[in-house]
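Single-structure report; data block below.
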Amino acid sequence: MGQTQKRRTTPPKCSYLKLFRILVMAGVFYFSSAMQVTKLVNDKAHLPCYYNISGEELASVRIYWQKNKEMVLSVIHGKREVWEKYKNRTIYDTVDNSSIVILGLRLADSGEYSCIIQKLKKGEYNVVHLSSVTLSVRGEFPEPNITDGGNQSTNIRRINCSTSGGFPKPHLSWLENGKELNAINTAVSQDPATELYTISSVLDFNVTIDHSFICVVKYGNETVSKTFTWQKSEPPPAPVSRRFPIWYSLVGLAFLLSAFAISLCLWNRFSARQRERRRSVESMEMERISPICSRIAEPSG
């Protein structure tokens with residue numbers, strides 16, 4: 001009847017294969033890009049690539065590590081090259097799925113790192129793997145250090161609060177009973193090489209009152225603090241006077257004089273009795289001698 005039958009044309013199998021590869025690459029890139037590593041300054045970071053390369057393949061594979069389109073490291077025909085910013089602190093590990101380790105982290109190392117693997121096929125190098133990982137480097141301030149600045153006057157003392165090695169730019173405040181105090185000489189400086197901050201502040205206070213101060217340092221969403229407690233010193237006890245009232249001396253003198261008078265009186269009485277005894281003894285001796293003398297005198301008459 002002159003009707004022509006329409007034939008369905010099936011797409012070539014190669015188009016499905018290419019689409020599958022694109023989807024796989026997109027999925028790998030999507031899930032890999034969700035990877036995030038957070039480290040502290042001067043720490044080390046392990047950045048995975050998630051692609052294993054055998055020793056036989058290494059000679060025909062190109063491996064590139066880059067950060068925000070800036071080269072970090074490359075391995076071409078087994079030869080490694082590290083760019084200037086990462087020299088002497090970047091390690092490439094073929095055993096651990098082509099990962100890299102960055103040592104001595106700096107704030108400037110923060111960013112998105114990409115791992116690109118190319119293989120030689122039909123005379124051309126084609127991308128067979130692409131993954132990324134985001135590195136976040138943080139600078140955390142340690143607990144503040146409070147030092148004694150000595151007396152500024154009779155009742156005024158000074159203390160200093162300081163901390164260093166953090167990022168971003170900090171803010172320091174002194175608190176007592178929840179109220180912010182007026183500090184002096186608050187200084188903030190930044191190291192041009194490491195970009196890390198140092199902050200310090202001075203507080204003067206009255207030593208005649210008890211205090212509990214809190215030095216608070218805020219940076220970004222983080223906070224560190226240190227408490228300083230002061231207790232007023234009690235006045236020393238008044239020295240005990242060793243001087244006696246004058247009437248104590250008069251009473252003592254009168255007592256000594258009375259004792260001396262009594263002793264003298266007793267001595268006189270004792271001496272008088274002794275004299276009387278000697279006299280009575282002498283008189284008795286005289287009475288004995290006198291009769292003898294009278295008897296001797298009678299015959300001679």
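Following the order of the structure tokens, chains are lettered A, B, ..., residues in each are numbered from 1, and ligands are numbered from 1.
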Hey, which bits of segment 52-117 of chain A sit within 7 Å of segment 129-136 of chain A, and for each residue what's the closest pair of atoms and how far apart in Å (one decimal), counting only C-alpha atoms, rows by chain and increasing number, as a Markdown table?
```
| residue | atom | partner | partner_atom | distance |
| --- | --- | --- | --- | --- |
| A:Ser110 | CA | A:Ser136 | CA | 4.8 |
| A:Gly111 | CA | A:Leu135 | CA | 5.4 |
| A:Glu112 | CA | A:Thr134 | CA | 4.3 |
| A:Tyr113 | CA | A:Val133 | CA | 5.3 |
| A:Ser114 | CA | A:Ser132 | CA | 4.2 |
| A:Cys115 | CA | A:Ser131 | CA | 5.3 |
| A:Ile116 | CA | A:Leu130 | CA | 4.8 |
| A:Ile117 | CA | A:His129 | CA | 5.0 |
```
Next, write the just-selected residues to a file, as a PDB file, in the first residue's frame, keeping all heavy atoms as the atom set.
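Output file part_21.pdb follows:
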```pdb
ATOM      1  N   SER A 110      45.179  27.929  53.564  1.00  0.00           N
ATOM      2  CA  SER A 110      43.737  27.668  53.477  1.00  0.00           C
ATOM      3  C   SER A 110      43.254  27.844  52.042  1.00  0.00           C
ATOM      4  O   SER A 110      43.690  28.752  51.324  1.00  0.00           O
ATOM      5  CB  SER A 110      42.971  28.635  54.394  1.00  0.00           C
ATOM      6  OG  SER A 110      43.308  28.422  55.739  1.00  0.00           O
ATOM      7  N   GLY A 111      42.355  26.950  51.619  1.00  0.00           N
ATOM      8  CA  GLY A 111      41.808  27.035  50.268  1.00  0.00           C
ATOM      9  C   GLY A 111      41.381  25.668  49.757  1.00  0.00           C
ATOM     10  O   GLY A 111      41.426  24.667  50.479  1.00  0.00           O
ATOM     11  N   GLU A 112      40.983  25.630  48.487  1.00  0.00           N
ATOM     12  CA  GLU A 112      40.527  24.382  47.858  1.00  0.00           C
ATOM     13  C   GLU A 112      41.663  23.775  47.047  1.00  0.00           C
ATOM     14  O   GLU A 112      42.238  24.418  46.164  1.00  0.00           O
ATOM     15  CB  GLU A 112      39.326  24.651  46.956  1.00  0.00           C
ATOM     16  CG  GLU A 112      38.738  23.373  46.361  1.00  0.00           C
ATOM     17  CD  GLU A 112      37.551  23.659  45.460  1.00  0.00           C
ATOM     18  OE1 GLU A 112      37.759  24.294  44.409  1.00  0.00           O
ATOM     19  OE2 GLU A 112      36.435  23.255  45.797  1.00  0.00           O
ATOM     20  N   TYR A 113      41.974  22.516  47.341  1.00  0.00           N
ATOM     21  CA  TYR A 113      43.042  21.796  46.658  1.00  0.00           C
ATOM     22  C   TYR A 113      42.422  20.759  45.727  1.00  0.00           C
ATOM     23  O   TYR A 113      41.484  20.042  46.113  1.00  0.00           O
ATOM     24  CB  TYR A 113      43.972  21.116  47.655  1.00  0.00           C
ATOM     25  CG  TYR A 113      44.830  22.081  48.449  1.00  0.00           C
ATOM     26  CD1 TYR A 113      44.289  22.805  49.501  1.00  0.00           C
ATOM     27  CD2 TYR A 113      46.166  22.264  48.127  1.00  0.00           C
ATOM     28  CE1 TYR A 113      45.071  23.694  50.233  1.00  0.00           C
ATOM     29  CE2 TYR A 113      46.955  23.154  48.856  1.00  0.00           C
ATOM     30  CZ  TYR A 113      46.400  23.868  49.897  1.00  0.00           C
ATOM     31  OH  TYR A 113      47.179  24.745  50.604  1.00  0.00           O
ATOM     32  N   SER A 114      42.968  20.668  44.518  1.00  0.00           N
ATOM     33  CA  SER A 114      42.451  19.730  43.513  1.00  0.00           C
ATOM     34  C   SER A 114      43.531  18.729  43.136  1.00  0.00           C
ATOM     35  O   SER A 114      44.711  19.090  42.984  1.00  0.00           O
ATOM     36  CB  SER A 114      41.986  20.468  42.262  1.00  0.00           C
ATOM     37  OG  SER A 114      40.954  21.374  42.582  1.00  0.00           O
ATOM     38  N   CYS A 115      43.112  17.467  42.996  1.00  0.00           N
ATOM     39  CA  CYS A 115      43.996  16.398  42.545  1.00  0.00           C
ATOM     40  C   CYS A 115      43.523  15.960  41.153  1.00  0.00           C
ATOM     41  O   CYS A 115      42.366  15.534  40.982  1.00  0.00           O
ATOM     42  CB  CYS A 115      43.961  15.229  43.518  1.00  0.00           C
ATOM     43  SG  CYS A 115      44.913  13.789  42.975  1.00  0.00           S
ATOM     44  N   ILE A 116      44.410  16.049  40.178  1.00  0.00           N
ATOM     45  CA  ILE A 116      44.066  15.729  38.786  1.00  0.00           C
ATOM     46  C   ILE A 116      44.977  14.613  38.306  1.00  0.00           C
ATOM     47  O   ILE A 116      46.202  14.720  38.376  1.00  0.00           O
ATOM     48  CB  ILE A 116      44.228  16.968  37.874  1.00  0.00           C
ATOM     49  CG1 ILE A 116      43.371  18.122  38.418  1.00  0.00           C
ATOM     50  CG2 ILE A 116      43.835  16.632  36.434  1.00  0.00           C
ATOM     51  CD1 ILE A 116      43.684  19.448  37.768  1.00  0.00           C
ATOM     52  N   ILE A 117      44.371  13.541  37.803  1.00  0.00           N
ATOM     53  CA  ILE A 117      45.121  12.393  37.281  1.00  0.00           C
ATOM     54  C   ILE A 117      44.871  12.288  35.779  1.00  0.00           C
ATOM     55  O   ILE A 117      43.714  12.252  35.328  1.00  0.00           O
ATOM     56  CB  ILE A 117      44.708  11.084  37.969  1.00  0.00           C
ATOM     57  CG1 ILE A 117      44.761  11.221  39.492  1.00  0.00           C
ATOM     58  CG2 ILE A 117      45.587   9.936  37.496  1.00  0.00           C
ATOM     59  CD1 ILE A 117      46.129  11.425  40.054  1.00  0.00           C
TER      60      ILE A 117
END
```
Within 12 Å of segment 37-42 of chain A, counting only C-alpha atoms, which residues qualify if same-chain residues fewer than 3 places away don't, as a ChimeraX atom specification?
-> /A:32-34,45-48,89,101-113,132-141,165-167,194-196
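Put simply, atom CA of Cys215 of chain A is 16.7 Å away from atom CA of Tyr197 of chain A.
Interatomic distance, atom CA of Val127 of chain A to atom CA of Lys44 of chain A: 28.5 Å.
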Could you find all residues in segment 168-264 of chain A that DSSP calls helix (DSSP H, G or I) from the backbone, and write them as a CSV table (one decimal) with N, CA, C and O atoms, in the first residue's frame?
```
chain,number,residue,atom,x,y,z
A,246,ILE,N,53.7,54.8,135.0
A,246,ILE,CA,54.6,55.3,136.0
A,246,ILE,C,54.2,54.9,137.4
A,246,ILE,O,55.1,54.7,138.3
A,247,TRP,N,52.9,54.6,137.6
A,247,TRP,CA,52.5,54.2,138.9
A,247,TRP,C,53.0,52.8,139.2
A,247,TRP,O,53.2,52.5,140.4
A,248,TYR,N,53.2,52.0,138.1
A,248,TYR,CA,53.8,50.7,138.3
A,248,TYR,C,55.2,50.8,139.0
A,248,TYR,O,55.6,50.1,139.9
A,249,SER,N,55.9,51.8,138.5
A,249,SER,CA,57.3,52.0,139.0
A,249,SER,C,57.3,52.5,140.4
A,249,SER,O,58.1,52.1,141.3
A,250,LEU,N,56.3,53.4,140.7
A,250,LEU,CA,56.2,53.9,142.1
A,250,LEU,C,55.8,52.8,143.1
A,250,LEU,O,56.4,52.7,144.2
A,251,VAL,N,54.9,52.0,142.7
A,251,VAL,CA,54.5,50.9,143.6
A,251,VAL,C,55.6,49.9,143.8
A,251,VAL,O,55.9,49.4,144.9
A,252,GLY,N,56.4,49.6,142.7
A,252,GLY,CA,57.5,48.7,142.8
A,252,GLY,C,58.6,49.3,143.8
A,252,GLY,O,59.2,48.6,144.6
A,253,LEU,N,58.8,50.6,143.6
A,253,LEU,CA,59.8,51.3,144.4
A,253,LEU,C,59.4,51.3,145.9
A,253,LEU,O,60.2,51.0,146.8
A,254,ALA,N,58.1,51.5,146.1
A,254,ALA,CA,57.6,51.5,147.5
A,254,ALA,C,57.7,50.1,148.1
A,254,ALA,O,58.1,50.0,149.3
A,255,PHE,N,57.4,49.1,147.3
A,255,PHE,CA,57.6,47.7,147.8
A,255,PHE,C,59.0,47.4,148.2
A,255,PHE,O,59.3,46.8,149.2
A,256,LEU,N,59.9,47.8,147.3
A,256,LEU,CA,61.3,47.6,147.6
A,256,LEU,C,61.8,48.3,148.9
A,256,LEU,O,62.5,47.7,149.7
A,257,LEU,N,61.3,49.6,149.0
A,257,LEU,CA,61.7,50.3,150.2
A,257,LEU,C,61.1,49.7,151.5
A,257,LEU,O,61.8,49.6,152.5
A,258,SER,N,59.8,49.2,151.4
A,258,SER,CA,59.2,48.6,152.5
A,258,SER,C,60.0,47.3,152.9
A,258,SER,O,60.2,47.0,154.1
A,259,ALA,N,60.3,46.5,151.9
A,259,ALA,CA,61.0,45.3,152.1
A,259,ALA,C,62.4,45.6,152.8
A,259,ALA,O,62.8,44.9,153.7
A,260,PHE,N,63.0,46.6,152.3
A,260,PHE,CA,64.3,47.0,152.9
A,260,PHE,C,64.2,47.5,154.3
A,260,PHE,O,65.0,47.1,155.2
A,261,ALA,N,63.1,48.3,154.6
A,261,ALA,CA,62.9,48.7,156.0
A,261,ALA,C,62.6,47.6,156.9
A,261,ALA,O,63.1,47.5,158.0
A,262,ILE,N,61.7,46.7,156.4
A,262,ILE,CA,61.4,45.5,157.3
A,262,ILE,C,62.6,44.7,157.5
A,262,ILE,O,62.8,44.2,158.7
A,263,SER,N,63.4,44.4,156.5
A,263,SER,CA,64.6,43.6,156.6
A,263,SER,C,65.6,44.3,157.6
A,263,SER,O,66.2,43.6,158.5
A,264,LEU,N,65.7,45.6,157.5
A,264,LEU,CA,66.6,46.4,158.4
A,264,LEU,C,66.1,46.3,159.9
A,264,LEU,O,66.9,46.1,160.8
```
